[in-house]
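Here is the structure we will look at.
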Amino acid sequence: MTAAFVKLLVTDSARSVAFYEALGFERVSAEPPFVHLRWAEALDVYLVTPPPQLKLEGRRGTGVLVGLRAEAPHSVDEVLLRAQAQGAAVEGPTVQPWFTRELIVTDPDGYRLNFIEPA
């Protein structure tokens, strides 16, 4: 288990798992309501299907970027191609004044994933 993790509430677990795996995340385990994914041995992501009685309203992840280091074999350019193949909304890549090259990918539930590599 990595030192950092995030839990994301998803509306369609199968769709979300397929999306994240297509980006390059690896499935560690799946035990409903959780699917445990890992990004490059650096971050664990738990996709959580909330119980049916819990109604989630509004846009998910507003104001939050989930930051992920992009490095071989998952460079920003590779993630961009994978995200575009999934029809995901993408912003960038953009070279930032703090000497990073960044790509933001929006997942099917509206969570924004910020892939970062040195510029």
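Here's how to read the names in the structure tokens: chain A, B, ... by the order shown, residue numbers from 1 in each chain, ligand numbers from 1 in the order shown.
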
Residues within 12 Å of Leu68 (chain A), only C-alpha atoms, excluding chain neighbours under 6 positions, as a list in words: Ala4, Phe5, Val6, Leu23, Gly24, Phe25, Arg38, Trp39, Ala40, Glu41, Ala42, Leu43, Asp44, Val45, His74, Ser75, Val76, Val79, Arg101, Glu102, Leu103, Ile104, Val105, Arg112, Leu113, Asn114, Phe115, Ile116 and Glu117 of chain A

Could the residues in this selection be written to a file with N, CA, C and O atoms, as a CSV table (one decimal), in the first residue's frame?
chain,number,residue,atom,x,y,z
A,4,ALA,N,-0.2,7.5,0.1
A,4,ALA,CA,-1.2,8.4,-0.2
A,4,ALA,C,-2.3,7.7,-0.9
A,4,ALA,O,-2.1,6.8,-1.7
A,5,PHE,N,-3.6,8.1,-0.6
A,5,PHE,CA,-4.7,7.6,-1.3
A,5,PHE,C,-5.8,8.6,-1.3
A,5,PHE,O,-5.9,9.5,-0.6
A,6,VAL,N,-6.7,8.4,-2.3
A,6,VAL,CA,-7.9,9.2,-2.4
A,6,VAL,C,-9.1,8.3,-2.7
A,6,VAL,O,-9.0,7.3,-3.3
A,23,LEU,N,-6.4,4.8,-18.7
A,23,LEU,CA,-5.4,5.8,-18.5
A,23,LEU,C,-4.1,5.2,-18.1
A,23,LEU,O,-3.1,5.9,-18.2
A,24,GLY,N,-4.1,4.0,-17.5
A,24,GLY,CA,-2.8,3.4,-17.1
A,24,GLY,C,-2.8,3.0,-15.6
A,24,GLY,O,-1.8,2.6,-15.1
A,25,PHE,N,-3.9,3.2,-14.9
A,25,PHE,CA,-4.0,2.8,-13.5
A,25,PHE,C,-4.1,1.2,-13.5
A,25,PHE,O,-4.6,0.6,-14.4
A,38,ARG,N,-4.2,1.7,-8.6
A,38,ARG,CA,-2.9,2.3,-8.2
A,38,ARG,C,-2.3,3.0,-9.4
A,38,ARG,O,-2.3,2.4,-10.5
A,39,TRP,N,-1.7,4.1,-9.1
A,39,TRP,CA,-1.0,4.9,-10.2
A,39,TRP,C,0.5,4.8,-9.9
A,39,TRP,O,1.0,5.4,-8.9
A,40,ALA,N,1.2,4.1,-10.7
A,40,ALA,CA,2.7,4.1,-10.7
A,40,ALA,C,3.3,3.9,-9.3
A,40,ALA,O,4.3,4.6,-9.0
A,41,GLU,N,2.8,3.1,-8.5
A,41,GLU,CA,3.3,2.8,-7.1
A,41,GLU,C,3.4,4.1,-6.3
A,41,GLU,O,4.1,4.1,-5.3
A,42,ALA,N,2.6,5.2,-6.7
A,42,ALA,CA,2.7,6.4,-6.0
A,42,ALA,C,1.4,6.8,-5.3
A,42,ALA,O,1.4,7.6,-4.3
A,43,LEU,N,0.3,6.4,-5.8
A,43,LEU,CA,-1.0,6.8,-5.3
A,43,LEU,C,-2.0,5.7,-5.5
A,43,LEU,O,-2.2,5.2,-6.6
A,44,ASP,N,-2.7,5.4,-4.4
A,44,ASP,CA,-3.9,4.5,-4.5
A,44,ASP,C,-5.2,5.3,-4.6
A,44,ASP,O,-5.3,6.3,-4.0
A,45,VAL,N,-6.0,4.8,-5.5
A,45,VAL,CA,-7.3,5.4,-5.7
A,45,VAL,C,-8.4,4.4,-5.4
A,45,VAL,O,-8.3,3.2,-5.9
A,74,HIS,N,4.3,6.3,-18.3
A,74,HIS,CA,3.0,7.1,-18.3
A,74,HIS,C,3.3,8.6,-18.4
A,74,HIS,O,3.0,9.3,-17.5
A,75,SER,N,3.9,9.0,-19.5
A,75,SER,CA,4.3,10.4,-19.6
A,75,SER,C,3.0,11.2,-19.9
A,75,SER,O,1.9,10.6,-20.1
A,76,VAL,N,3.1,12.5,-19.7
A,76,VAL,CA,1.9,13.4,-20.0
A,76,VAL,C,1.4,13.1,-21.4
A,76,VAL,O,0.2,13.0,-21.6
A,79,VAL,N,-0.6,9.8,-21.5
A,79,VAL,CA,-1.9,9.9,-20.8
A,79,VAL,C,-2.8,10.7,-21.7
A,79,VAL,O,-4.0,10.4,-21.8
A,101,ARG,N,5.2,20.5,-16.6
A,101,ARG,CA,4.3,20.3,-17.8
A,101,ARG,C,3.1,19.5,-17.3
A,101,ARG,O,3.3,18.5,-16.7
A,102,GLU,N,1.9,20.1,-17.4
A,102,GLU,CA,0.7,19.5,-16.8
A,102,GLU,C,-0.4,19.3,-17.8
A,102,GLU,O,-0.6,20.1,-18.7
A,103,LEU,N,-1.2,18.3,-17.4
A,103,LEU,CA,-2.3,17.9,-18.2
A,103,LEU,C,-3.5,17.6,-17.2
A,103,LEU,O,-3.2,16.9,-16.2
A,104,ILE,N,-4.6,18.1,-17.5
A,104,ILE,CA,-5.8,17.9,-16.6
A,104,ILE,C,-6.8,17.0,-17.4
A,104,ILE,O,-7.2,17.4,-18.6
A,105,VAL,N,-7.2,15.9,-16.9
A,105,VAL,CA,-8.1,15.0,-17.5
A,105,VAL,C,-9.3,14.9,-16.6
A,105,VAL,O,-9.2,14.7,-15.3
A,112,ARG,N,-11.2,15.9,-11.5
A,112,ARG,CA,-10.2,16.4,-12.4
A,112,ARG,C,-8.8,15.8,-11.9
A,112,ARG,O,-8.5,16.0,-10.7
A,113,LEU,N,-8.2,15.1,-12.8
A,113,LEU,CA,-6.9,14.5,-12.5
A,113,LEU,C,-5.8,15.3,-13.2
A,113,LEU,O,-5.8,15.5,-14.4
A,114,ASN,N,-4.8,15.7,-12.4
A,114,ASN,CA,-3.7,16.6,-12.9
A,114,ASN,C,-2.4,15.8,-13.0
A,114,ASN,O,-1.8,15.5,-12.0
A,115,PHE,N,-2.1,15.4,-14.2
A,115,PHE,CA,-0.8,14.7,-14.5
A,115,PHE,C,0.3,15.7,-14.7
A,115,PHE,O,0.2,16.6,-15.5
A,116,ILE,N,1.4,15.5,-14.0
A,116,ILE,CA,2.5,16.5,-13.9
A,116,ILE,C,3.8,15.8,-14.2
A,116,ILE,O,4.1,14.7,-13.6
A,117,GLU,N,4.6,16.4,-15.0
A,117,GLU,CA,6.0,16.0,-15.2
A,117,GLU,C,6.9,17.2,-15.3
A,117,GLU,O,6.4,18.3,-15.5

Per-residue nearest contacts region 42-90 of chain A to region 30-36 of chain A, cut-off 8 Å, using only C-alpha atoms, as JSON lines:
{"residue": "A:Asp44", "atom": "CA", "partner": "A:His36", "partner_atom": "CA", "distance": 6.9}
{"residue": "A:Val45", "atom": "CA", "partner": "A:His36", "partner_atom": "CA", "distance": 5.9}
{"residue": "A:Tyr46", "atom": "CA", "partner": "A:His36", "partner_atom": "CA", "distance": 4.6}
{"residue": "A:Leu47", "atom": "CA", "partner": "A:Val35", "partner_atom": "CA", "distance": 5.1}
{"residue": "A:Val48", "atom": "CA", "partner": "A:Phe34", "partner_atom": "CA", "distance": 4.7}
{"residue": "A:Thr49", "atom": "CA", "partner": "A:Pro33", "partner_atom": "CA", "distance": 5.1}
{"residue": "A:Pro50", "atom": "CA", "partner": "A:Pro33", "partner_atom": "CA", "distance": 7.1}

Same residues, all heavy atoms, saved as a tab-separated table (two decimals), in the first residue's frame:
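Final output, out15.tsv:
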chain	number	residue	atom	x	y	z
A	44	ASP	N	-2.75	5.45	-4.41
A	44	ASP	CA	-3.86	4.52	-4.47
A	44	ASP	C	-5.15	5.30	-4.62
A	44	ASP	O	-5.33	6.35	-3.99
A	44	ASP	CB	-3.94	3.67	-3.21
A	44	ASP	CG	-2.84	2.63	-3.11
A	44	ASP	OD1	-2.24	2.30	-4.15
A	44	ASP	OD2	-2.58	2.15	-2.01
A	45	VAL	N	-6.01	4.82	-5.51
A	45	VAL	CA	-7.32	5.43	-5.73
A	45	VAL	C	-8.36	4.37	-5.44
A	45	VAL	O	-8.28	3.24	-5.94
A	45	VAL	CB	-7.46	5.92	-7.20
A	45	VAL	CG1	-8.87	6.41	-7.45
A	45	VAL	CG2	-6.45	7.01	-7.49
A	46	TYR	N	-9.32	4.73	-4.61
A	46	TYR	CA	-10.44	3.84	-4.31
A	46	TYR	C	-11.67	4.43	-4.96
A	46	TYR	O	-12.10	5.54	-4.62
A	46	TYR	CB	-10.65	3.72	-2.80
A	46	TYR	CG	-9.54	3.00	-2.10
A	46	TYR	CD1	-8.41	3.68	-1.65
A	46	TYR	CD2	-9.60	1.63	-1.90
A	46	TYR	CE1	-7.37	3.01	-1.03
A	46	TYR	CE2	-8.57	0.95	-1.26
A	46	TYR	CZ	-7.46	1.65	-0.83
A	46	TYR	OH	-6.44	0.99	-0.21
A	47	LEU	N	-12.22	3.71	-5.93
A	47	LEU	CA	-13.49	4.11	-6.54
A	47	LEU	C	-14.58	3.48	-5.69
A	47	LEU	O	-14.61	2.26	-5.51
A	47	LEU	CB	-13.56	3.63	-7.98
A	47	LEU	CG	-12.43	4.12	-8.90
A	47	LEU	CD1	-12.60	3.54	-10.30
A	47	LEU	CD2	-12.38	5.64	-8.95
A	48	VAL	N	-15.45	4.31	-5.15
A	48	VAL	CA	-16.45	3.85	-4.19
A	48	VAL	C	-17.84	4.06	-4.77
A	48	VAL	O	-18.19	5.16	-5.18
A	48	VAL	CB	-16.33	4.63	-2.86
A	48	VAL	CG1	-17.33	4.12	-1.84
A	48	VAL	CG2	-14.90	4.56	-2.31
A	49	THR	N	-18.62	2.98	-4.78
A	49	THR	CA	-20.02	3.08	-5.19
A	49	THR	C	-20.84	3.34	-3.93
A	49	THR	O	-20.90	2.47	-3.05
A	49	THR	CB	-20.50	1.78	-5.87
A	49	THR	OG1	-19.64	1.50	-6.98
A	49	THR	CG2	-21.93	1.90	-6.33
A	50	PRO	N	-21.44	4.52	-3.82
A	50	PRO	CA	-22.22	4.81	-2.61
A	50	PRO	C	-23.50	3.99	-2.58
A	50	PRO	O	-23.98	3.53	-3.62
A	50	PRO	CB	-22.52	6.31	-2.72
A	50	PRO	CG	-22.31	6.66	-4.14
A	50	PRO	CD	-21.42	5.63	-4.75

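Comparing A:Leu80, A:Leu8, A:Leu37, A:Ala70 by their smallest distance to Tyr20 (chain A), the closest is A:Leu37 (using only C-alpha atoms).
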
Residues flagged alpha helix (DSSP H) by DSSP in chain A, as a PyMOL selection string: chain A and resi 13-23+76-85

Computed interatomic separation between CA of Thr62 (chain A) and CA of Gly87 (chain A) (Å):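 Interatomic distance here is 20.5 Å.
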
Pick from A:Pro51, A:Gly58, A:Gly92, A:Pro118, whichever lies nearest to Thr106 (chain A) using only C-alpha atoms: A:Gly92

Computed interatomic separation between CA of Pro73 (chain A) and CA of Leu9 (chain A) (Å): 27.6 Å

Residue neighbourhood Gly110 (chain A), 8 Å, only C-alpha atoms, exclusion window fewer than 3 positions, as number ranges by chain: A: 59-61, 106-107
